[in-house]
Amino acid sequence: MFISFEGLDGSGKTTQAQLLAETLRSHGRDVLFLREPGGTEISERIREILLDKKHLHMTQISEILLFSAARAQLISEVIRPALEKNCFVICDRYADSTTAYQGFGRGLNLETVRAINAAATGGLWPEKTIFLDVPISELISRREKSGLPLDRMESGGLEFFERIRQGYLHLCKEEPRRIVRIDGMRSVDALRQEIWSVLASTFTS
Ligand code: Z5A
């Protein structure tokens, strides 16, 4: 089973993806937890290039091709082999991030994005995707509390992030059976329980 988590930076998706992995392991399941971009030697090196603030001049087409190259490598080396062994694969971001960030955020042609996603994924999509929806104002306040510096992608500005959020909401409407929007403005534990109950029917079907 393949499950992905999506949302804006700081929405709490990594926290929830890790909690789901722990819960599944406590139920005796084999679970592989991955984050994108990354997860293979090549994909991790691409990640460094993508997030490096020295690369502010990176073109939009280079950006989407690099995210997609990292994903293609991860699918071939890690995701497909794990799914063939009946392992649960939980991915912190997948190709919906490309549609939301490079398509809606950067403004790349959505048909081009769709074609690149199709080539990179080879048609492999998660059975369920959890989109954690948090208002931008809350994300800013979480970021300020963390005190961490911004990377290249995080330096995009408020309008960039609002377009990305609208992109995710558009995807939820386009694929309501796969993508589930969860209101992320609740406690970590309340969200963990809601996500478990949303996914429970998928696990038993
Ligand atoms: N990107 C792209 O453009 N195109 C693509 O195709 C792909 C990615 C795959 C990767 O960044 C960047 O690449 C990302 C999108 C882009 N850029 N941006 N901007 P990353 O891997 O470094 O990070 P991230 O995935 O964006 O986010 P993250 O740092 O992993 O954060 P998160 O997963 O969204 O949230 P978190 O780590 O679980 O929590 C963030 C903080 O909030 C933390 O202090 C928590 O303690 C706190 N938190 C968590 N849950 C809650 C609740 N419920 N209430 C209050 N506070 C909470």
# chains A, B, ... in the order shown; residues from 1 in each chain; ligands from 1
>>> closest_atom_pairs(of="chain A", to="ligand 1", cutoff="6 Å", atoms="only C-alpha atoms and all ligand atoms", output="Markdown table")
| residue | atom | partner | partner_atom_place_in_ligand_line | distance |
| --- | --- | --- | --- | --- |
| A:Leu8 | CA | ligand 1 | 34 (O) | 5.7 |
| A:Asp9 | CA | ligand 1 | 26 (O) | 3.5 |
| A:Gly10 | CA | ligand 1 | 34 (O) | 3.4 |
| A:Ser11 | CA | ligand 1 | 34 (O) | 3.9 |
| A:Gly12 | CA | ligand 1 | 38 (O) | 3.2 |
| A:Lys13 | CA | ligand 1 | 33 (O) | 4.1 |
| A:Thr14 | CA | ligand 1 | 33 (O) | 3.5 |
| A:Thr15 | CA | ligand 1 | 38 (O) | 3.6 |
| A:Glu36 | CA | ligand 1 | 9 (C) | 4.7 |
| A:Pro37 | CA | ligand 1 | 9 (C) | 5.0 |
| A:Phe67 | CA | ligand 1 | 6 (O) | 5.0 |
| A:Arg93 | CA | ligand 1 | 9 (C) | 5.2 |
| A:Tyr94 | CA | ligand 1 | 9 (C) | 5.3 |
| A:Ala95 | CA | ligand 1 | 6 (O) | 5.6 |
| A:Ser97 | CA | ligand 1 | 6 (O) | 4.4 |
| A:Thr98 | CA | ligand 1 | 6 (O) | 3.5 |
| A:Tyr101 | CA | ligand 1 | 3 (O) | 4.6 |
| A:Gln102 | CA | ligand 1 | 3 (O) | 5.9 |
| A:Arg142 | CA | ligand 1 | 42 (O) | 5.6 |
| A:Ser146 | CA | ligand 1 | 44 (O) | 5.8 |
| A:Met153 | CA | ligand 1 | 19 (N) | 4.6 |
| A:Glu154 | CA | ligand 1 | 19 (N) | 3.8 |
| A:Arg186 | CA | ligand 1 | 53 (N) | 5.1 |
| A:Ser187 | CA | ligand 1 | 53 (N) | 4.3 |
| A:Val188 | CA | ligand 1 | 53 (N) | 4.0 |
>>> write_last_selection(atoms="N, CA and C atoms", output="PDB file, in the first residue's frame")
ATOM      1  N   LEU A   8       1.694  22.444   2.669  1.00  0.00           N
ATOM      2  CA  LEU A   8       2.736  23.460   2.623  1.00  0.00           C
ATOM      3  C   LEU A   8       3.794  23.161   3.680  1.00  0.00           C
ATOM      4  N   ASP A   9       4.952  23.750   3.493  1.00  0.00           N
ATOM      5  CA  ASP A   9       6.056  23.595   4.428  1.00  0.00           C
ATOM      6  C   ASP A   9       5.622  24.051   5.822  1.00  0.00           C
ATOM      7  N   GLY A  10       5.748  23.168   6.804  1.00  0.00           N
ATOM      8  CA  GLY A  10       5.363  23.515   8.172  1.00  0.00           C
ATOM      9  C   GLY A  10       3.939  23.137   8.519  1.00  0.00           C
ATOM     10  N   SER A  11       3.257  22.430   7.613  1.00  0.00           N
ATOM     11  CA  SER A  11       1.845  22.082   7.855  1.00  0.00           C
ATOM     12  C   SER A  11       1.694  20.929   8.844  1.00  0.00           C
ATOM     13  N   GLY A  12       2.797  20.272   9.179  1.00  0.00           N
ATOM     14  CA  GLY A  12       2.720  19.155  10.128  1.00  0.00           C
ATOM     15  C   GLY A  12       2.658  17.802   9.434  1.00  0.00           C
ATOM     16  N   LYS A  13       2.874  17.763   8.128  1.00  0.00           N
ATOM     17  CA  LYS A  13       2.732  16.485   7.408  1.00  0.00           C
ATOM     18  C   LYS A  13       3.832  15.496   7.760  1.00  0.00           C
ATOM     19  N   THR A  14       5.069  15.989   8.000  1.00  0.00           N
ATOM     20  CA  THR A  14       6.135  15.054   8.381  1.00  0.00           C
ATOM     21  C   THR A  14       5.806  14.405   9.728  1.00  0.00           C
ATOM     22  N   THR A  15       5.345  15.242  10.666  1.00  0.00           N
ATOM     23  CA  THR A  15       4.952  14.732  11.993  1.00  0.00           C
ATOM     24  C   THR A  15       3.909  13.627  11.832  1.00  0.00           C
ATOM     25  N   GLU A  36      10.434  13.276   0.121  1.00  0.00           N
ATOM     26  CA  GLU A  36      10.846  13.769  -1.199  1.00  0.00           C
ATOM     27  C   GLU A  36      11.222  15.242  -1.128  1.00  0.00           C
ATOM     28  N   PRO A  37      12.190  15.709  -1.910  1.00  0.00           N
ATOM     29  CA  PRO A  37      13.096  14.892  -2.707  1.00  0.00           C
ATOM     30  C   PRO A  37      14.124  14.206  -1.804  1.00  0.00           C
ATOM     31  N   PHE A  67      13.285  17.907  -9.570  1.00  0.00           N
ATOM     32  CA  PHE A  67      12.381  17.227  -8.624  1.00  0.00           C
ATOM     33  C   PHE A  67      11.919  15.888  -9.224  1.00  0.00           C
ATOM     34  N   ARG A  93       5.521  13.849   0.752  1.00  0.00           N
ATOM     35  CA  ARG A  93       5.494  14.505  -0.561  1.00  0.00           C
ATOM     36  C   ARG A  93       5.681  13.484  -1.690  1.00  0.00           C
ATOM     37  N   TYR A  94       4.992  13.786  -2.789  1.00  0.00           N
ATOM     38  CA  TYR A  94       5.132  12.987  -4.021  1.00  0.00           C
ATOM     39  C   TYR A  94       4.756  13.920  -5.170  1.00  0.00           C
ATOM     40  N   ALA A  95       4.270  13.375  -6.268  1.00  0.00           N
ATOM     41  CA  ALA A  95       4.110  14.196  -7.480  1.00  0.00           C
ATOM     42  C   ALA A  95       3.050  15.296  -7.349  1.00  0.00           C
ATOM     43  N   SER A  97       3.071  17.396  -5.081  1.00  0.00           N
ATOM     44  CA  SER A  97       3.882  18.581  -4.727  1.00  0.00           C
ATOM     45  C   SER A  97       4.344  19.286  -5.993  1.00  0.00           C
ATOM     46  N   THR A  98       4.680  18.518  -7.008  1.00  0.00           N
ATOM     47  CA  THR A  98       5.150  19.117  -8.266  1.00  0.00           C
ATOM     48  C   THR A  98       4.020  19.911  -8.923  1.00  0.00           C
ATOM     49  N   TYR A 101       3.460  23.046  -6.424  1.00  0.00           N
ATOM     50  CA  TYR A 101       4.546  24.036  -6.331  1.00  0.00           C
ATOM     51  C   TYR A 101       4.998  24.535  -7.710  1.00  0.00           C
ATOM     52  N   GLN A 102       5.312  23.578  -8.617  1.00  0.00           N
ATOM     53  CA  GLN A 102       5.841  24.032  -9.915  1.00  0.00           C
ATOM     54  C   GLN A 102       4.701  24.468 -10.851  1.00  0.00           C
ATOM     55  N   ARG A 142       4.445  29.319  12.885  1.00  0.00           N
ATOM     56  CA  ARG A 142       5.229  28.120  13.235  1.00  0.00           C
ATOM     57  C   ARG A 142       6.688  28.291  12.818  1.00  0.00           C
ATOM     58  N   SER A 146      10.151  28.298  15.118  1.00  0.00           N
ATOM     59  CA  SER A 146      11.240  27.328  14.924  1.00  0.00           C
ATOM     60  C   SER A 146      12.599  28.033  14.836  1.00  0.00           C
ATOM     61  N   MET A 153      13.543  27.046  -1.670  1.00  0.00           N
ATOM     62  CA  MET A 153      12.120  26.891  -1.978  1.00  0.00           C
ATOM     63  C   MET A 153      11.253  27.706  -1.021  1.00  0.00           C
ATOM     64  N   GLU A 154      11.722  27.822   0.229  1.00  0.00           N
ATOM     65  CA  GLU A 154      10.914  28.535   1.234  1.00  0.00           C
ATOM     66  C   GLU A 154      10.987  30.050   1.074  1.00  0.00           C
ATOM     67  N   ARG A 186      -5.441  21.545  14.205  1.00  0.00           N
ATOM     68  CA  ARG A 186      -5.785  20.886  15.473  1.00  0.00           C
ATOM     69  C   ARG A 186      -4.533  20.284  16.089  1.00  0.00           C
ATOM     70  N   SER A 187      -4.702  19.679  17.276  1.00  0.00           N
ATOM     71  CA  SER A 187      -3.511  19.169  17.958  1.00  0.00           C
ATOM     72  C   SER A 187      -2.935  17.985  17.180  1.00  0.00           C
ATOM     73  N   VAL A 188      -1.672  17.723  17.439  1.00  0.00           N
ATOM     74  CA  VAL A 188      -0.994  16.600  16.775  1.00  0.00           C
ATOM     75  C   VAL A 188      -1.783  15.318  17.011  1.00  0.00           C
TER      76      VAL A 188
END
>>> select_by_dssp(residues="region 2-203 of chain A", states="strand (DSSP E or B)", output="VMD selection string")
chain A and resid 2 to 7 31 to 35 88 to 92 128 to 133 179 to 183
>>> closest_residue(among="A:Asp183, A:Phe33, A:Leu169, A:Leu191", to="Cys87 (chain A)", atoms="only C-alpha atoms")
A:Phe33
>>> atom_distance(atom1="CA of Glu22 (chain A)", atom2="CA of Leu124 (chain A)")
24.2 Å
>>> residues_around(residues="Asn117 (chain A)", least_positions_apart="3", cutoff="8 Å", atoms="only C-alpha atoms", output="short mmCIF file (atom, residue, chain, number, x, y, z; two decimals) with C-alpha atoms, in the first residue's frame")
data_model
loop_
_atom_site.label_atom_id
_atom_site.label_comp_id
_atom_site.auth_asym_id
_atom_site.auth_seq_id
_atom_site.Cartn_x
_atom_site.Cartn_y
_atom_site.Cartn_z
CA SER A 68 11.09 14.72 -11.16
CA ALA A 95 4.11 14.20 -7.48
CA THR A 98 5.15 19.12 -8.27
CA VAL A 113 3.51 19.42 -15.47
CA ARG A 114 1.09 16.55 -16.02
CA ALA A 120 8.64 10.46 -13.78
CA THR A 121 6.09 8.29 -11.97
#
>>> residues_around(residues="Ile116 (chain A)", least_positions_apart="4", cutoff="12 Å", atoms="only C-alpha atoms", output="list in words")
Ile61, Ser62, Glu63, Ile64, Leu65, Leu66, Phe67, Ser68, Ala69, Arg71, Ala72, Ala95, Asp96, Thr98, Thr99, Gln102, Gly103, Leu108, Asn109, Leu110, Glu111, Thr112, Ala120, Thr121, Gly122 and Gly123 of chain A
>>> closest_residue(among="A:Arg47, A:Arg178, A:Lys85, A:Arg29", to="Pro126 (chain A)", atoms="only C-alpha atoms")
A:Arg178
